[in-house]
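K.L.:
Okay, here's the structure, questions in a sec.
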Amino acid sequence: MELHFTKMHGLGNDFVVFDFTRAAYPLTAAQANKIADRHFGIGCDQILIVESSTSDDIDFKYRILNADGSEVGQCGNGARCFARYVHDKGLTNKNPVRVETLSGVMTLDLNPTSQMVTVNMGAPRFTPSDIPLNASERQSLYTLQLDDQTIEFSAVSMGNPHAVLLVDDVDAAPVIELGARLETHPMFPERANIGFLQVVSRQEVRVRVFERGSGETIACGSGACAAVVTGIQRGLLDSNVTAELTGGVLNVRWDGENQAVLMTGPAETTFEGRISL
Ligand SMILES: N[C@@H](CCC[C@H](N)C(=O)O)C(=O)O
């Protein structure tokens, strides 16, 4: 079977995008894993699948597979690329675009004069069972034990599970070593994305994220939102924040409890091709 794909990225968080609106194709986890492989496949952090929606008021179904083949409910950088893709391919001319994911409905707003897209990420969820997190009650800071180290973190669902650690300097943070160990810690029954947050000022942060199912990526949209939201909750940040990731800059806005998070950033196409599976 040969499939046409489009390669896209949001701040270097890169995606292989497939249009399955006309014909469904059941990609297996093993095939997804092969596509994402940077040596034996195309190479990407996530695979994004465009499908038709069955609801009248929703434009598309937006499915997300991590590089390890696991299907997940959220990808913020991917959502911006999704919006750009369905417009560039002429699948819709609606703006905003409404999409359904495993985690709920998202609204994607394309800026008509630039490559920027604003994603309404929905309201963050803090209840442990919603994240999910093995804890009996909601707290702004949790701790877990790793050998003889006590790790302090905040936890939130942005439609996917995030733990956020506050650090003095993201460049010096042990993102890969600690991220890999925390991703699969029993505190996180569905694993978690592990973010490292450095507060530069009340309006500016630096963030690195070890992503569940993909490893450290050079940008994670939902990770940036999780980091900013937990920083605001801890009283360290204002409601409108610039998040600097290794791949570039996002704007994140959150006006507090039960309010939706708005994330704005670029979305770009790099190339198109065909792959035999
Ligand atoms: N890169 C993403 C997040 C992709 C999914 C994540 N790895 C998970 O497993 O939840 C983003 O930009 O949000």
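Following the order of the structure tokens, chains are lettered A, B, ..., residues in each are numbered from 1, and ligands are numbered from 1.
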DSSP says strand (DSSP E or B) for which residues of range 77-127 of chain A? Put them as an MDAnalysis selection string?

P.N.:
chainID A and resid 97:101 104:110 116:120 125

K.L.:
Would you export the selected residues with C-alpha atoms as a PDB file, in the first residue's frame, please?

P.N.:
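Below is the file out22.pdb, written as the result:
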ATOM      1  CA  VAL A  97     -11.962  25.066  12.136  1.00  0.00           C
ATOM      2  CA  ARG A  98     -13.575  22.820  14.757  1.00  0.00           C
ATOM      3  CA  VAL A  99     -11.996  19.403  15.299  1.00  0.00           C
ATOM      4  CA  GLU A 100     -12.755  16.475  17.555  1.00  0.00           C
ATOM      5  CA  THR A 101      -9.986  14.547  19.276  1.00  0.00           C
ATOM      6  CA  GLY A 104     -12.729  16.617  23.198  1.00  0.00           C
ATOM      7  CA  VAL A 105     -13.368  19.416  20.719  1.00  0.00           C
ATOM      8  CA  MET A 106     -10.787  22.085  19.812  1.00  0.00           C
ATOM      9  CA  THR A 107     -11.168  25.299  17.841  1.00  0.00           C
ATOM     10  CA  LEU A 108      -8.342  26.322  15.496  1.00  0.00           C
ATOM     11  CA  ASP A 109      -8.130  29.893  14.280  1.00  0.00           C
ATOM     12  CA  LEU A 110      -5.919  30.797  11.293  1.00  0.00           C
ATOM     13  CA  MET A 116       0.214  32.001  12.812  1.00  0.00           C
ATOM     14  CA  VAL A 117      -2.587  29.840  14.195  1.00  0.00           C
ATOM     15  CA  THR A 118      -4.322  30.186  17.559  1.00  0.00           C
ATOM     16  CA  VAL A 119      -5.507  26.973  19.195  1.00  0.00           C
ATOM     17  CA  ASN A 120      -8.198  26.971  21.836  1.00  0.00           C
ATOM     18  CA  ARG A 125      -7.903  19.913  34.297  1.00  0.00           C
TER      19      ARG A 125
END

K.L.:
Could you list, as a list in words, all protein and nucleic acid residues with an atom at most 6 Å from ligand 1, counting only C-alpha atoms and all ligand atoms?

P.N.:
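Final answer, ordered by chain and number: Asn66, Val72, Gln74, Cys75, Gly76, Asn77, Gly78, Asn160, Glu211, Arg212, Gly213, Ser214, Cys220, Gly221, Ser222 and Gly223 of chain A.
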
K.L.:
For range 17-27 of chain A, list every protein, DNA or RNA residue within 8 Å, evaluated using only C-alpha atoms, and leave out those in the same chain fewer than 6 positions away; present the list as a list in words.

P.N.:
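Final neighbour list, sorted by chain and number: Leu3, His4, Phe5, Thr6, Lys7, Met8, Ile47, Leu48, Ile49, Val50, Glu51 and Ser52 of chain A.
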
K.L.:
Choose the residue, out of A:Phe82, A:Met263, A:Ser157, A:Glu268, that has the smallest atom-to-atom separation from Glu190 in chain A; count only C-alpha atoms.

P.N.:
A:Ser157

K.L.:
Could you give me the residues within range 167-245 of chain A that DSSP places in helix (DSSP H, G or I), as a PyMOL selection string?

P.N.:
chain A and resi 170-172+175-183+221-233

K.L.:
Generate a file of the selected residues that holds N, CA and C atoms, formatted as a PDB file, in the first residue's frame.

P.N.:
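To be explicit, this is the file written out as selection.pdb:
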ATOM      1  N   VAL A 170      16.861  25.686  32.227  1.00  0.00           N
ATOM      2  CA  VAL A 170      16.473  24.505  31.428  1.00  0.00           C
ATOM      3  C   VAL A 170      17.658  23.897  30.677  1.00  0.00           C
ATOM      4  N   ASP A 171      18.655  24.732  30.350  1.00  0.00           N
ATOM      5  CA  ASP A 171      19.812  24.200  29.611  1.00  0.00           C
ATOM      6  C   ASP A 171      20.578  23.179  30.443  1.00  0.00           C
ATOM      7  N   ALA A 172      20.558  23.378  31.761  1.00  0.00           N
ATOM      8  CA  ALA A 172      21.312  22.472  32.639  1.00  0.00           C
ATOM      9  C   ALA A 172      20.423  21.344  33.188  1.00  0.00           C
ATOM     10  N   VAL A 175      16.934  16.712  31.287  1.00  0.00           N
ATOM     11  CA  VAL A 175      15.638  16.453  30.632  1.00  0.00           C
ATOM     12  C   VAL A 175      15.531  15.004  30.150  1.00  0.00           C
ATOM     13  N   ILE A 176      16.570  14.504  29.509  1.00  0.00           N
ATOM     14  CA  ILE A 176      16.464  13.164  28.917  1.00  0.00           C
ATOM     15  C   ILE A 176      16.508  12.083  29.995  1.00  0.00           C
ATOM     16  N   GLU A 177      17.478  12.182  30.910  1.00  0.00           N
ATOM     17  CA  GLU A 177      17.616  11.141  31.938  1.00  0.00           C
ATOM     18  C   GLU A 177      16.393  11.111  32.853  1.00  0.00           C
ATOM     19  N   LEU A 178      16.041  12.272  33.421  1.00  0.00           N
ATOM     20  CA  LEU A 178      14.930  12.339  34.365  1.00  0.00           C
ATOM     21  C   LEU A 178      13.595  12.159  33.635  1.00  0.00           C
ATOM     22  N   GLY A 179      13.493  12.776  32.457  1.00  0.00           N
ATOM     23  CA  GLY A 179      12.255  12.669  31.675  1.00  0.00           C
ATOM     24  C   GLY A 179      11.904  11.221  31.403  1.00  0.00           C
ATOM     25  N   ALA A 180      12.890  10.435  30.954  1.00  0.00           N
ATOM     26  CA  ALA A 180      12.628   9.032  30.614  1.00  0.00           C
ATOM     27  C   ALA A 180      12.180   8.245  31.837  1.00  0.00           C
ATOM     28  N   ARG A 181      12.748   8.539  32.989  1.00  0.00           N
ATOM     29  CA  ARG A 181      12.388   7.800  34.206  1.00  0.00           C
ATOM     30  C   ARG A 181      11.015   8.224  34.718  1.00  0.00           C
ATOM     31  N   LEU A 182      10.730   9.525  34.634  1.00  0.00           N
ATOM     32  CA  LEU A 182       9.442  10.005  35.157  1.00  0.00           C
ATOM     33  C   LEU A 182       8.280   9.648  34.229  1.00  0.00           C
ATOM     34  N   GLU A 183       8.538   9.635  32.920  1.00  0.00           N
ATOM     35  CA  GLU A 183       7.463   9.329  31.960  1.00  0.00           C
ATOM     36  C   GLU A 183       6.720   8.051  32.349  1.00  0.00           C
ATOM     37  N   GLY A 221       3.725  21.900  22.200  1.00  0.00           N
ATOM     38  CA  GLY A 221       2.711  22.939  22.416  1.00  0.00           C
ATOM     39  C   GLY A 221       1.926  22.732  23.699  1.00  0.00           C
ATOM     40  N   SER A 222       1.419  21.508  23.894  1.00  0.00           N
ATOM     41  CA  SER A 222       0.653  21.248  25.122  1.00  0.00           C
ATOM     42  C   SER A 222       1.573  21.341  26.335  1.00  0.00           C
ATOM     43  N   GLY A 223       2.861  20.986  26.150  1.00  0.00           N
ATOM     44  CA  GLY A 223       3.840  21.091  27.244  1.00  0.00           C
ATOM     45  C   GLY A 223       4.081  22.538  27.635  1.00  0.00           C
ATOM     46  N   ALA A 224       4.133  23.426  26.631  1.00  0.00           N
ATOM     47  CA  ALA A 224       4.306  24.856  26.919  1.00  0.00           C
ATOM     48  C   ALA A 224       3.087  25.373  27.677  1.00  0.00           C
ATOM     49  N   CYS A 225       1.889  24.944  27.243  1.00  0.00           N
ATOM     50  CA  CYS A 225       0.652  25.378  27.926  1.00  0.00           C
ATOM     51  C   CYS A 225       0.645  24.860  29.360  1.00  0.00           C
ATOM     52  N   ALA A 226       1.009  23.587  29.540  1.00  0.00           N
ATOM     53  CA  ALA A 226       1.020  22.993  30.891  1.00  0.00           C
ATOM     54  C   ALA A 226       1.994  23.750  31.794  1.00  0.00           C
ATOM     55  N   ALA A 227       3.163  24.077  31.248  1.00  0.00           N
ATOM     56  CA  ALA A 227       4.179  24.780  32.042  1.00  0.00           C
ATOM     57  C   ALA A 227       3.670  26.160  32.460  1.00  0.00           C
ATOM     58  N   VAL A 228       3.067  26.884  31.508  1.00  0.00           N
ATOM     59  CA  VAL A 228       2.574  28.236  31.811  1.00  0.00           C
ATOM     60  C   VAL A 228       1.415  28.165  32.815  1.00  0.00           C
ATOM     61  N   VAL A 229       0.475  27.246  32.581  1.00  0.00           N
ATOM     62  CA  VAL A 229      -0.682  27.122  33.477  1.00  0.00           C
ATOM     63  C   VAL A 229      -0.233  26.805  34.908  1.00  0.00           C
ATOM     64  N   THR A 230       0.711  25.889  35.059  1.00  0.00           N
ATOM     65  CA  THR A 230       1.160  25.542  36.421  1.00  0.00           C
ATOM     66  C   THR A 230       1.950  26.705  37.034  1.00  0.00           C
ATOM     67  N   GLY A 231       2.679  27.446  36.190  1.00  0.00           N
ATOM     68  CA  GLY A 231       3.407  28.625  36.679  1.00  0.00           C
ATOM     69  C   GLY A 231       2.432  29.691  37.164  1.00  0.00           C
ATOM     70  N   ILE A 232       1.322  29.867  36.423  1.00  0.00           N
ATOM     71  CA  ILE A 232       0.299  30.850  36.837  1.00  0.00           C
ATOM     72  C   ILE A 232      -0.343  30.378  38.144  1.00  0.00           C
ATOM     73  N   GLN A 233      -0.674  29.104  38.211  1.00  0.00           N
ATOM     74  CA  GLN A 233      -1.293  28.543  39.425  1.00  0.00           C
ATOM     75  C   GLN A 233      -0.410  28.739  40.657  1.00  0.00           C
TER      76      GLN A 233
END
